[in-house]
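To be precise, the following lines are protein.cif, and they hold mmCIF, C-alpha atoms and all ligand atoms.
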data_structure
loop_
_atom_site.label_atom_id
_atom_site.label_comp_id
_atom_site.auth_asym_id
_atom_site.auth_seq_id
_atom_site.Cartn_x
_atom_site.Cartn_y
_atom_site.Cartn_z
CA MET A 22 -19.63 80.09 -8.81
CA SER A 23 -20.73 83.64 -9.49
CA ASP A 24 -22.34 85.55 -6.67
CA SER A 25 -25.70 85.88 -8.35
CA THR A 26 -26.18 82.13 -8.36
CA ARG A 27 -24.92 81.32 -4.89
CA PRO A 28 -27.59 81.47 -2.17
CA ARG A 29 -26.70 84.09 0.39
CA LEU A 30 -25.76 82.95 3.89
CA LEU A 31 -25.30 85.05 7.01
CA THR A 32 -24.03 84.04 10.42
CA GLY A 33 -21.51 85.21 12.99
CA ASP A 34 -20.50 85.78 16.58
CA ARG A 35 -20.43 88.37 19.31
CA PRO A 36 -16.85 89.52 19.91
CA THR A 37 -16.39 88.58 23.56
CA GLY A 38 -13.00 86.89 23.19
CA PRO A 39 -11.12 84.36 21.11
CA LEU A 40 -13.02 81.40 19.64
CA HIS A 41 -12.74 77.90 21.09
CA LEU A 42 -13.19 74.23 20.19
CA GLY A 43 -16.94 74.45 20.88
CA HIS A 44 -17.23 77.09 18.14
CA TYR A 45 -15.10 74.92 15.88
CA VAL A 46 -17.27 71.80 15.93
CA GLY A 47 -20.56 73.64 16.26
CA SER A 48 -20.20 76.20 13.52
CA LEU A 49 -16.78 77.16 12.14
CA GLU A 50 -16.40 73.86 10.29
CA THR A 51 -19.82 74.32 8.69
CA ARG A 52 -18.97 77.84 7.56
CA VAL A 53 -15.80 76.69 5.88
CA ALA A 54 -17.65 73.80 4.23
CA LEU A 55 -20.39 76.11 2.88
CA GLN A 56 -18.27 78.98 1.62
CA ASP A 57 -17.84 77.62 -1.93
CA SER A 58 -21.52 76.95 -2.49
CA HIS A 59 -22.86 80.06 -0.71
CA GLU A 60 -22.17 83.77 -0.75
CA CYS A 61 -21.24 84.10 2.91
CA PHE A 62 -21.56 87.13 5.18
CA ILE A 63 -19.88 86.65 8.54
CA ILE A 64 -20.95 89.25 11.05
CA VAL A 65 -18.83 90.35 13.99
CA ALA A 66 -21.80 91.42 16.10
CA ASP A 67 -20.33 94.11 18.35
CA LEU A 68 -23.69 95.89 18.81
CA HIS A 69 -25.12 92.67 20.18
CA THR A 70 -22.25 92.54 22.66
CA LEU A 71 -23.38 95.96 23.93
CA THR A 72 -26.76 94.51 24.95
CA THR A 73 -25.14 93.01 28.04
CA ARG A 74 -21.75 94.77 28.10
CA PRO A 75 -22.32 98.47 27.50
CA ARG A 76 -19.85 99.86 30.07
CA LYS A 77 -17.04 102.02 28.82
CA ASP A 78 -14.38 99.54 29.94
CA GLN A 79 -16.29 96.74 28.20
CA VAL A 80 -16.52 98.77 24.99
CA GLY A 81 -12.80 99.39 25.41
CA GLU A 82 -12.19 95.66 25.11
CA LEU A 83 -13.93 95.42 21.73
CA PRO A 84 -10.93 96.21 19.50
CA LYS A 85 -8.94 93.35 21.03
CA HIS A 86 -11.86 90.92 20.82
CA VAL A 87 -12.85 91.90 17.28
CA ARG A 88 -9.28 91.30 16.13
CA ALA A 89 -9.15 87.94 17.93
CA VAL A 90 -12.41 86.73 16.36
CA VAL A 91 -11.40 87.78 12.84
CA LEU A 92 -7.97 86.15 13.25
CA ASP A 93 -9.64 82.94 14.38
CA LEU A 94 -12.09 82.99 11.46
CA LEU A 95 -9.24 83.40 9.00
CA SER A 96 -7.11 80.79 10.74
CA VAL A 97 -9.74 78.05 10.43
CA GLY A 98 -10.03 78.72 6.71
CA ILE A 99 -12.64 81.41 6.08
CA ASP A 100 -11.37 82.97 2.86
CA PRO A 101 -11.91 86.73 2.73
CA LYS A 102 -11.89 86.60 -1.07
CA GLN A 103 -14.98 84.40 -0.97
CA SER A 104 -16.68 85.50 2.25
CA THR A 105 -17.50 88.94 3.59
CA ILE A 106 -16.35 89.35 7.20
CA TYR A 107 -17.78 92.60 8.58
CA LEU A 108 -18.18 94.71 11.70
CA GLN A 109 -21.84 95.22 12.58
CA SER A 110 -21.47 98.72 14.05
CA GLY A 111 -19.69 99.83 10.88
CA VAL A 112 -22.95 99.41 8.96
CA PRO A 113 -25.25 102.16 10.30
CA ALA A 114 -28.02 101.26 7.84
CA VAL A 115 -28.65 98.28 10.07
CA TYR A 116 -29.85 100.55 12.90
CA ASP A 117 -32.21 102.27 10.49
CA LEU A 118 -33.76 98.97 9.50
CA ASP A 119 -33.80 97.86 13.15
CA VAL A 120 -36.00 100.84 14.06
CA LEU A 121 -38.39 100.15 11.18
CA LEU A 122 -38.70 96.48 12.17
CA GLN A 123 -39.34 97.41 15.82
CA MET A 124 -42.71 98.80 14.75
CA LEU A 125 -43.80 95.38 13.55
CA ILE A 126 -43.37 93.15 16.61
CA PRO A 127 -45.17 93.15 19.99
CA THR A 128 -42.90 93.33 23.04
CA ALA A 129 -44.79 90.33 24.46
CA ARG A 130 -43.31 88.17 21.68
CA LEU A 131 -39.82 89.16 22.84
CA ARG A 132 -40.43 89.02 26.59
CA GLY A 133 -41.30 85.33 26.39
CA LEU A 134 -38.05 84.23 24.77
CA THR A 135 -35.81 81.90 26.78
CA SER A 136 -32.72 83.16 24.96
CA VAL A 137 -33.37 86.73 26.14
CA ARG A 138 -34.11 85.51 29.68
CA ASN A 139 -30.94 83.44 29.76
CA MET A 140 -28.79 86.32 28.56
CA ALA A 141 -30.41 88.60 31.14
CA THR A 142 -29.75 86.14 33.97
CA ALA A 143 -26.16 85.64 32.87
CA ALA A 144 -25.67 89.42 32.85
CA GLY A 145 -27.26 89.81 36.30
CA MET A 146 -30.34 91.66 35.02
CA ASN A 147 -33.75 90.89 36.51
CA GLU A 148 -37.19 91.38 34.98
CA ASP A 149 -37.22 95.09 35.81
CA SER A 150 -33.68 95.89 34.76
CA ILE A 151 -33.71 94.20 31.34
CA THR A 152 -32.78 96.97 28.93
CA LEU A 153 -34.72 97.82 25.83
CA GLY A 154 -31.60 96.90 23.87
CA LEU A 155 -31.46 93.37 25.27
CA LEU A 156 -35.20 92.86 24.79
CA ALA A 157 -34.78 93.95 21.18
CA TYR A 158 -31.71 91.74 20.62
CA PRO A 159 -33.62 89.42 18.25
CA VAL A 160 -34.98 92.38 16.25
CA LEU A 161 -31.46 93.68 15.68
CA GLN A 162 -30.45 90.17 14.64
CA ALA A 163 -33.39 90.13 12.22
CA ALA A 164 -32.13 93.44 10.81
CA ASP A 165 -28.69 91.83 10.23
CA ILE A 166 -30.23 88.89 8.43
CA LEU A 167 -32.77 90.83 6.37
CA MET A 168 -30.32 93.58 5.53
CA ALA A 169 -28.11 91.07 3.77
CA ARG A 170 -31.20 89.44 2.22
CA ALA A 171 -29.83 86.17 3.54
CA GLN A 172 -31.61 82.96 2.64
CA VAL A 173 -29.62 80.62 4.88
CA VAL A 174 -28.71 81.29 8.53
CA PRO A 175 -26.63 78.56 10.21
CA VAL A 176 -26.93 78.93 13.99
CA GLY A 177 -27.01 76.90 17.19
CA LYS A 178 -30.25 75.79 18.81
CA ASP A 179 -30.15 78.82 21.14
CA ASN A 180 -30.53 81.16 18.16
CA GLU A 181 -33.33 79.28 16.43
CA GLU A 182 -36.07 81.53 17.85
CA HIS A 183 -34.19 84.60 16.63
CA VAL A 184 -34.25 83.31 13.08
CA ASN A 185 -37.97 82.61 13.50
CA ILE A 186 -38.43 86.23 14.50
CA ALA A 187 -36.53 87.32 11.40
CA ARG A 188 -38.88 85.14 9.33
CA GLU A 189 -41.96 86.63 11.00
CA LEU A 190 -40.71 90.17 10.52
CA ALA A 191 -39.87 89.53 6.88
CA SER A 192 -43.34 88.22 6.13
CA VAL A 193 -45.15 90.92 8.14
CA PHE A 194 -43.12 93.56 6.29
CA ASN A 195 -43.74 91.97 2.88
CA ASP A 196 -47.48 91.66 3.56
CA MET A 197 -47.77 95.25 4.67
CA TYR A 198 -45.57 97.06 2.18
CA GLY A 199 -44.76 94.69 -0.67
CA GLU A 200 -42.18 91.97 -1.30
CA VAL A 201 -38.78 93.23 -0.16
CA PHE A 202 -37.24 90.44 1.91
CA PRO A 203 -36.60 86.79 1.16
CA ILE A 204 -37.78 84.59 4.06
CA PRO A 205 -34.57 83.34 5.70
CA GLU A 206 -34.15 79.74 6.74
CA ALA A 207 -32.35 78.60 9.89
CA ARG A 208 -29.85 75.80 9.50
CA ILE A 209 -29.60 74.43 13.02
CA SER A 210 -26.31 72.78 13.92
CA GLN A 211 -26.87 69.08 14.59
CA THR A 212 -23.62 68.81 16.54
CA PRO A 213 -24.41 68.68 20.26
CA ALA A 214 -22.77 71.46 22.29
CA LEU A 215 -19.25 70.44 23.26
CA PRO A 216 -18.75 70.14 27.03
CA GLY A 217 -16.03 72.12 28.73
CA VAL A 218 -12.79 70.76 30.18
CA ALA A 219 -12.66 70.13 33.92
CA ALA A 220 -10.24 72.99 34.52
CA GLY A 221 -12.04 76.22 35.34
CA LEU A 222 -15.23 77.21 37.12
CA GLY A 223 -17.74 75.70 34.72
CA GLY A 224 -16.16 72.27 34.76
CA SER A 225 -16.79 69.63 32.18
CA HIS A 226 -20.50 69.15 32.76
CA ASN A 227 -21.36 72.57 31.37
CA LYS A 228 -21.05 73.49 27.74
CA MET A 229 -17.71 74.94 26.74
CA SER A 230 -17.80 78.66 27.23
CA LYS A 231 -15.28 81.41 27.62
CA SER A 232 -17.13 82.96 30.53
CA LEU A 233 -17.16 79.65 32.45
CA GLY A 234 -13.38 79.33 32.11
CA ASN A 235 -13.65 75.78 30.76
CA ALA A 236 -12.68 76.44 27.14
CA VAL A 237 -9.83 75.26 24.94
CA PHE A 238 -9.12 78.19 22.64
CA LEU A 239 -8.06 77.72 19.03
CA SER A 240 -5.12 79.98 19.79
CA ASP A 241 -3.99 78.16 22.97
CA THR A 242 -0.39 76.92 23.01
CA PRO A 243 0.10 73.17 22.42
CA ASP A 244 1.05 72.80 26.09
CA ASP A 245 -2.14 74.48 27.27
CA VAL A 246 -4.24 72.41 24.88
CA ALA A 247 -2.72 69.15 26.20
CA ARG A 248 -2.93 70.23 29.84
CA LYS A 249 -6.58 71.21 29.54
CA LEU A 250 -7.63 68.13 27.57
CA ARG A 251 -6.00 65.81 30.10
CA THR A 252 -8.56 67.03 32.64
CA LEU A 253 -11.48 65.63 30.59
CA ASP A 254 -13.86 63.75 32.80
CA ASP A 255 -14.81 60.12 32.08
CA GLU A 256 -17.80 60.08 34.47
CA GLY A 257 -21.27 59.78 32.99
CA GLY A 258 -21.17 56.69 30.78
CA ASP A 259 -21.90 57.21 27.09
CA GLY A 260 -22.44 60.91 27.55
CA SER A 261 -19.20 61.52 29.46
CA PRO A 262 -17.25 64.60 28.37
CA LEU A 263 -14.30 62.43 27.34
CA ARG A 264 -16.53 60.31 25.07
CA GLN A 265 -18.06 63.40 23.54
CA PHE A 266 -14.58 64.62 22.68
CA VAL A 267 -13.74 61.26 21.11
CA ASP A 268 -16.91 61.57 19.02
CA ALA A 269 -16.15 65.14 18.05
CA PHE A 270 -12.45 64.89 17.21
CA VAL A 271 -11.44 61.30 16.45
CA ARG A 272 -12.88 61.26 12.96
CA ASP A 273 -11.63 57.87 11.84
CA THR A 274 -14.43 55.50 12.88
CA SER A 275 -12.22 52.47 13.49
CA ASP A 276 -9.84 54.58 15.64
CA ALA A 277 -12.82 55.92 17.55
CA ALA A 278 -14.14 52.39 18.10
CA SER A 279 -10.85 51.13 19.48
CA ILE A 280 -10.54 54.16 21.77
CA LYS A 281 -14.02 53.56 23.10
CA ALA A 282 -13.09 49.92 23.70
CA LYS A 283 -10.21 51.20 25.84
CA LEU A 284 -12.60 53.43 27.75
CA ASP A 285 -14.92 50.48 28.35
CA GLY A 286 -11.90 48.49 29.51
CA GLY A 287 -11.11 51.14 32.12
CA GLU A 288 -8.25 52.95 30.33
CA PRO A 289 -9.38 56.57 30.15
CA ASP A 290 -5.81 57.88 30.01
CA ALA A 291 -5.21 56.21 26.66
CA ALA A 292 -8.42 57.78 25.37
CA ARG A 293 -7.35 61.19 26.69
CA GLU A 294 -4.04 60.90 24.87
CA ALA A 295 -5.87 59.98 21.66
CA VAL A 296 -8.05 63.08 22.03
CA VAL A 297 -4.98 65.23 22.71
CA GLU A 298 -3.34 63.87 19.58
CA ALA A 299 -6.42 64.42 17.39
CA VAL A 300 -6.97 67.98 18.62
CA GLN A 301 -3.29 68.88 18.24
CA ALA A 302 -3.36 67.59 14.65
CA LEU A 303 -6.41 69.73 13.99
CA LEU A 304 -5.07 72.86 15.65
CA GLY A 305 -1.51 72.64 14.28
CA PRO A 306 -2.25 74.22 10.89
CA VAL A 307 -4.79 76.60 12.46
CA ARG A 308 -2.15 77.89 14.85
CA GLU A 309 0.39 78.23 12.06
CA ARG A 310 -1.96 80.36 9.96
CA HIS A 311 -2.92 82.34 13.05
CA ASP A 312 0.70 83.24 13.81
CA GLU A 313 1.44 84.11 10.20
CA LEU A 314 -1.57 86.40 9.89
CA ALA A 315 -0.95 87.97 13.29
CA ARG A 316 2.56 88.93 12.24
CA GLU A 317 1.35 90.76 9.12
CA GLN A 318 0.77 94.34 10.30
CA GLY A 319 -2.65 95.75 9.41
CA MET A 320 -3.79 92.64 7.54
CA VAL A 321 -6.68 91.68 9.81
CA GLU A 322 -7.82 95.31 9.92
CA GLU A 323 -7.75 95.57 6.15
CA ILE A 324 -9.86 92.44 5.78
CA ILE A 325 -12.54 93.68 8.14
CA VAL A 326 -12.57 97.16 6.60
CA ASP A 327 -12.95 95.74 3.08
CA GLY A 328 -15.71 93.40 4.25
CA THR A 329 -17.52 96.19 6.08
CA ILE A 330 -17.44 98.46 3.03
CA ARG A 331 -18.98 95.64 1.00
CA ALA A 332 -21.62 95.00 3.68
CA ARG A 333 -22.45 98.72 3.69
CA GLU A 334 -23.20 98.70 -0.01
CA VAL A 335 -25.52 95.75 0.35
CA ALA A 336 -27.16 97.30 3.41
CA TYR A 337 -27.83 100.66 1.77
CA GLN A 338 -29.42 98.98 -1.22
CA THR A 339 -31.75 96.95 0.98
CA LEU A 340 -32.56 99.92 3.20
CA ALA A 341 -33.39 102.03 0.18
CA GLN A 342 -35.81 99.36 -1.03
CA ALA A 343 -37.44 99.09 2.39
CA ARG A 344 -37.83 102.88 2.67
CA GLU A 345 -39.24 103.04 -0.84
CA ALA A 346 -41.75 100.26 -0.11
CA MET A 347 -42.89 101.94 3.12
CA GLY A 348 -43.24 105.35 1.53
CA LEU A 349 -40.49 107.02 3.59
CA GLU A 350 -38.23 107.60 0.62
CA PRO A 351 -41.09 109.17 -1.39
CA LEU A 352 -41.90 111.39 1.62
CA TRP A 353 -38.36 112.74 1.76
CA ALA A 354 -38.13 112.98 -2.02
CA SER A 355 -41.31 115.09 -2.23
CA LEU A 356 -40.01 117.51 0.39
CA VAL A 357 -36.71 117.87 -1.42
CA ASP A 358 -38.53 118.29 -4.69
CA ALA A 359 -40.79 121.06 -3.37
CA THR A 360 -37.75 122.83 -1.90
CA GLN A 361 -35.94 122.68 -5.21
CA GLN A 362 -38.92 124.05 -7.08
CA ARG A 363 -39.11 126.97 -4.68
CA ALA A 364 -35.42 127.67 -5.15
CA GLU A 365 -35.87 127.57 -8.92
CA ALA A 366 -38.84 129.92 -8.70
CA ARG A 367 -36.82 132.37 -6.63
CA LYS A 368 -34.12 132.50 -9.26
CA LYS A 369 -36.61 133.51 -11.96
CA PRO A 370 -37.29 137.25 -12.35
CA SER A 371 -40.69 138.02 -10.83
CA TYR A 372 -41.76 140.89 -13.14
N1 LIG B 1 -26.86 86.09 18.07
C1 LIG B 1 -25.59 85.56 17.62
C2 LIG B 1 -24.85 85.06 18.88
O1 LIG B 1 -25.37 84.29 19.58
C3 LIG B 1 -24.76 86.58 16.89
C4 LIG B 1 -25.46 87.18 15.71
C5 LIG B 1 -25.78 88.49 15.54
C6 LIG B 1 -25.95 86.49 14.56
N2 LIG B 1 -26.41 88.69 14.36
C7 LIG B 1 -26.54 87.50 13.73
C8 LIG B 1 -25.96 85.16 14.15
C9 LIG B 1 -27.15 87.16 12.51
C10 LIG B 1 -26.58 84.83 12.95
C11 LIG B 1 -27.17 85.82 12.14
O2 LIG B 1 -23.74 85.43 19.17
#
Can the structure from this file be put into structure tokens for me?
Ligand code: TRP
Amino acid sequence: MSDSTRPRLLTGDRPTGPLHLGHYVGSLETRVALQDSHECFIIVADLHTLTTRPRKDQVGELPKHVRAVVLDLLSVGIDPKQSTIYLQSGVPAVYDLDVLLQMLIPTARLRGLTSVRNMATAAGMNEDSITLGLLAYPVLQAADILMARAQVVPVGKDNEEHVNIARELASVFNDMYGEVFPIPEARISQTPALPGVAAGLGGSHNKMSKSLGNAVFLSDTPDDVARKLRTLDDEGGDGSPLRQFVDAFVRDTSDAASIKAKLDGGEPDAAREAVVEAVQALLGPVRERHDELAREQGMVEEIIVDGTIRAREVAYQTLAQAREAMGLEPLWASLVDATQQRAEARKKPSY
């Protein structure tokens, strides 16, 4: 389909490390499924990473993490010919829009958000040490979304409020200055968060997360995948981590039913092996593509540079419209105009 007819979609991740199975079932699969019918922008949100990790050594980790995220996106089947994968900090127009949007939202609206509080707690910040950048996290996210004029924003439940803020900002802006932004719609993932494996600090009763050390990465070796999955916990009845993995990865319903019968009959090891087999089958081709792409020197870099150049064009167009609507562009233009007239006048003989 041509780009003018496909609704525009924007989503993405903070580059804090390689992606894992939780990302896969929660969002990567959806992105791949939607990329034919939508014009997709996939943001690698490095500025958002800075909200809790601004130290020089943390910034120093970004190149490695950005590369890992892009490699994972490509490995699961995001096609750079169809989708625009871009680096947020490579699109400075987004900061311009961010500043303009900041004028339109009370800090009280942001202070109340659980997502901001949770990120602050996780980063060891208390009420008084929350930075302006972290407080404004959702405004920057709104700038990402509005900049691309995205209509559809697939995110997890934890990002739902951020999309609401983008909606509010879009309509406040449109009411004040004229229609510039489409009102974006959140598409909330219906897949429940995947629990972690029992290995690692977080254990299997927390959601899978890199920082909790309980994640199975898409780029893990087959041995690591099997070793980690064999630690899946069967405690907790229907909601046990092992059962959730059966639900998430054993896609054939009759296979899933017979595995659950084994679980009910007290054979969790058979169920674990079935999960190992299903996940290995899923990750096999992903790993193959990953290794192929990783071997090709400069390929990942080229993809993100091309995508970022494309995102810049879109961003500058939107920013120009926003500045025009607000009267900032006319302000600058009138100053330039007056300066040019004066220069012209100086050139003319004065006698
Ligand atoms: N906030 C997202 C996260 O939790 C990352 C992100 C930044 C994002 N900008 C976005 C997601 C725009 C969707 C749309 O990591």
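CA of Leu304 in chain A is found 26.1 Å from atom C7 of ligand LIG 1 (chain B).
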Polymer residues at most 7 Å from (-17.6, 95.2, 11.5) by only C-alpha atoms, as a list in words: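 Neighbouring residues, ordered by chain and number, come to Ile64, Val65, Tyr107, Leu108, Gln109, Ser110, Gly111, Ile325 and Thr329 of chain A.
The shortest atom-to-atom distance to Val87 in chain A, with all atoms listed in the file taken into account, belongs to A:Val321 out of A:Val321, A:Ala346, A:Val46, A:Ala278.
For ligand LIG 1 (chain B), the neighbouring protein, DNA and RNA residues, which are those within 7 Å when all atoms listed in the file are counted, are Leu31, Thr32, Gly33, Asp34, Arg35, Ile64, Ala66, His69, Gln162, Ala163, Asp165, Ile166, Val174, Pro175, Val176 and Asn180 of chain A.
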Close residues, range 181-186 of chain A itself excluded, 9 Å, all atoms listed in the file, min 4 positions apart in chain, as an NGL selection string: :A and (126 or 130-131 or 134-136 or 158-160 or 162-163 or 166 or 174 or 176-177 or 190-191 or 205-209)
Counting all atoms listed in the file, what is within 8 Å of range 147-157 of chain A, bar same-chain residues fewer than 3 positions away, as a PyMOL selection string? chain A and resi 72-73+123+128+131-132+137+141-142+160-161
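Taking CA of Ile204 in chain A as the reference point, CA of Pro351 in chain A is found at 25.4 Å.
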Selected residue of minimal separation from Glu60 in chain A among A:Met140, A:Ala169, A:Leu253, A:Ala364, counting all atoms listed in the file: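 Smallest distance to Glu60 in chain A is found for A:Ala169.
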For Pro216 in chain A, which residue out of A:His311, A:Thr242, A:Arg52, A:Gly47 is the nearest one, using only C-alpha atoms? A:Gly47
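The nearest approach to Val296 in chain A among the residues A:Arg308, A:Arg316, A:His41, A:Arg264, with all atoms listed in the file taken into account, belongs to A:Arg264.
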Selected range 33-99 of chain A, written as a JSON list (two decimals), in the first residue's frame, C-alpha atoms:
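Now in decode-v5.json:
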[["chain", "number", "residue", "atom", "x", "y", "z"],
["A", 33, "GLY", "CA", 9.48, 1.94, 20.28],
["A", 34, "ASP", "CA", 11.79, 1.23, 23.18],
["A", 35, "ARG", "CA", 14.42, 2.77, 25.39],
["A", 36, "PRO", "CA", 17.84, 1.34, 24.52],
["A", 37, "THR", "CA", 18.84, -0.20, 27.84],
["A", 38, "GLY", "CA", 20.00, -3.56, 26.49],
["A", 39, "PRO", "CA", 19.00, -6.37, 24.18],
["A", 40, "LEU", "CA", 15.30, -7.25, 23.83],
["A", 41, "HIS", "CA", 13.80, -10.32, 25.49],
["A", 42, "LEU", "CA", 10.86, -12.73, 25.23],
["A", 43, "GLY", "CA", 8.63, -10.32, 27.19],
["A", 44, "HIS", "CA", 9.14, -7.72, 24.45],
["A", 45, "TYR", "CA", 8.47, -10.38, 21.85],
["A", 46, "VAL", "CA", 5.02, -11.44, 23.03],
["A", 47, "GLY", "CA", 4.00, -8.02, 24.30],
["A", 48, "SER", "CA", 4.91, -5.88, 21.34],
["A", 49, "LEU", "CA", 7.41, -7.07, 18.72],
["A", 50, "GLU", "CA", 4.96, -9.58, 17.26],
["A", 51, "THR", "CA", 2.31, -6.86, 16.95],
["A", 52, "ARG", "CA", 4.72, -4.52, 15.19],
["A", 53, "VAL", "CA", 5.63, -7.14, 12.63],
["A", 54, "ALA", "CA", 1.95, -7.96, 12.09],
["A", 55, "LEU", "CA", 1.03, -4.29, 11.56],
["A", 56, "GLN", "CA", 3.87, -3.22, 9.30],
["A", 57, "ASP", "CA", 2.08, -4.01, 6.02],
["A", 58, "SER", "CA", -1.10, -2.16, 6.89],
["A", 59, "HIS", "CA", 0.55, 0.82, 8.67],
["A", 60, "GLU", "CA", 3.35, 3.24, 7.95],
["A", 61, "CYS", "CA", 5.48, 2.39, 10.98],
["A", 62, "PHE", "CA", 7.95, 4.58, 12.84],
["A", 63, "ILE", "CA", 9.98, 2.68, 15.40],
["A", 64, "ILE", "CA", 11.75, 4.98, 17.82],
["A", 65, "VAL", "CA", 14.93, 4.07, 19.66],
["A", 66, "ALA", "CA", 14.28, 6.44, 22.54],
["A", 67, "ASP", "CA", 17.76, 7.26, 23.80],
["A", 68, "LEU", "CA", 16.71, 10.66, 25.22],
["A", 69, "HIS", "CA", 14.17, 8.88, 27.38],
["A", 70, "THR", "CA", 16.94, 6.63, 28.66],
["A", 71, "LEU", "CA", 18.75, 9.77, 29.84],
["A", 72, "THR", "CA", 15.84, 10.62, 32.16],
["A", 73, "THR", "CA", 17.10, 8.00, 34.63],
["A", 74, "ARG", "CA", 20.58, 7.24, 33.26],
["A", 75, "PRO", "CA", 22.31, 10.53, 32.49],
["A", 76, "ARG", "CA", 25.79, 9.68, 33.82],
["A", 77, "LYS", "CA", 28.67, 9.77, 31.40],
["A", 78, "ASP", "CA", 29.35, 6.04, 31.78],
["A", 79, "GLN", "CA", 25.65, 5.34, 31.17],
["A", 80, "VAL", "CA", 25.65, 7.50, 28.05],
["A", 81, "GLY", "CA", 28.78, 5.60, 27.03],
["A", 82, "GLU", "CA", 26.75, 2.40, 26.97],
["A", 83, "LEU", "CA", 24.22, 3.79, 24.48],
["A", 84, "PRO", "CA", 26.03, 2.85, 21.25],
["A", 85, "LYS", "CA", 26.14, -0.80, 22.29],
["A", 86, "HIS", "CA", 22.51, -0.82, 23.42],
["A", 87, "VAL", "CA", 21.21, 1.06, 20.38],
["A", 88, "ARG", "CA", 22.91, -1.46, 18.10],
["A", 89, "ALA", "CA", 21.51, -4.38, 20.11],
["A", 90, "VAL", "CA", 17.94, -3.05, 19.96],
["A", 91, "VAL", "CA", 18.08, -2.36, 16.23],
["A", 92, "LEU", "CA", 19.58, -5.81, 15.56],
["A", 93, "ASP", "CA", 16.79, -7.41, 17.57],
["A", 94, "LEU", "CA", 14.10, -5.41, 15.74],
["A", 95, "LEU", "CA", 15.49, -6.52, 12.39],
["A", 96, "SER", "CA", 15.93, -10.10, 13.55],
["A", 97, "VAL", "CA", 12.28, -10.53, 14.52],
["A", 98, "GLY", "CA", 11.20, -9.29, 11.10],
["A", 99, "ILE", "CA", 10.86, -5.51, 11.13]]
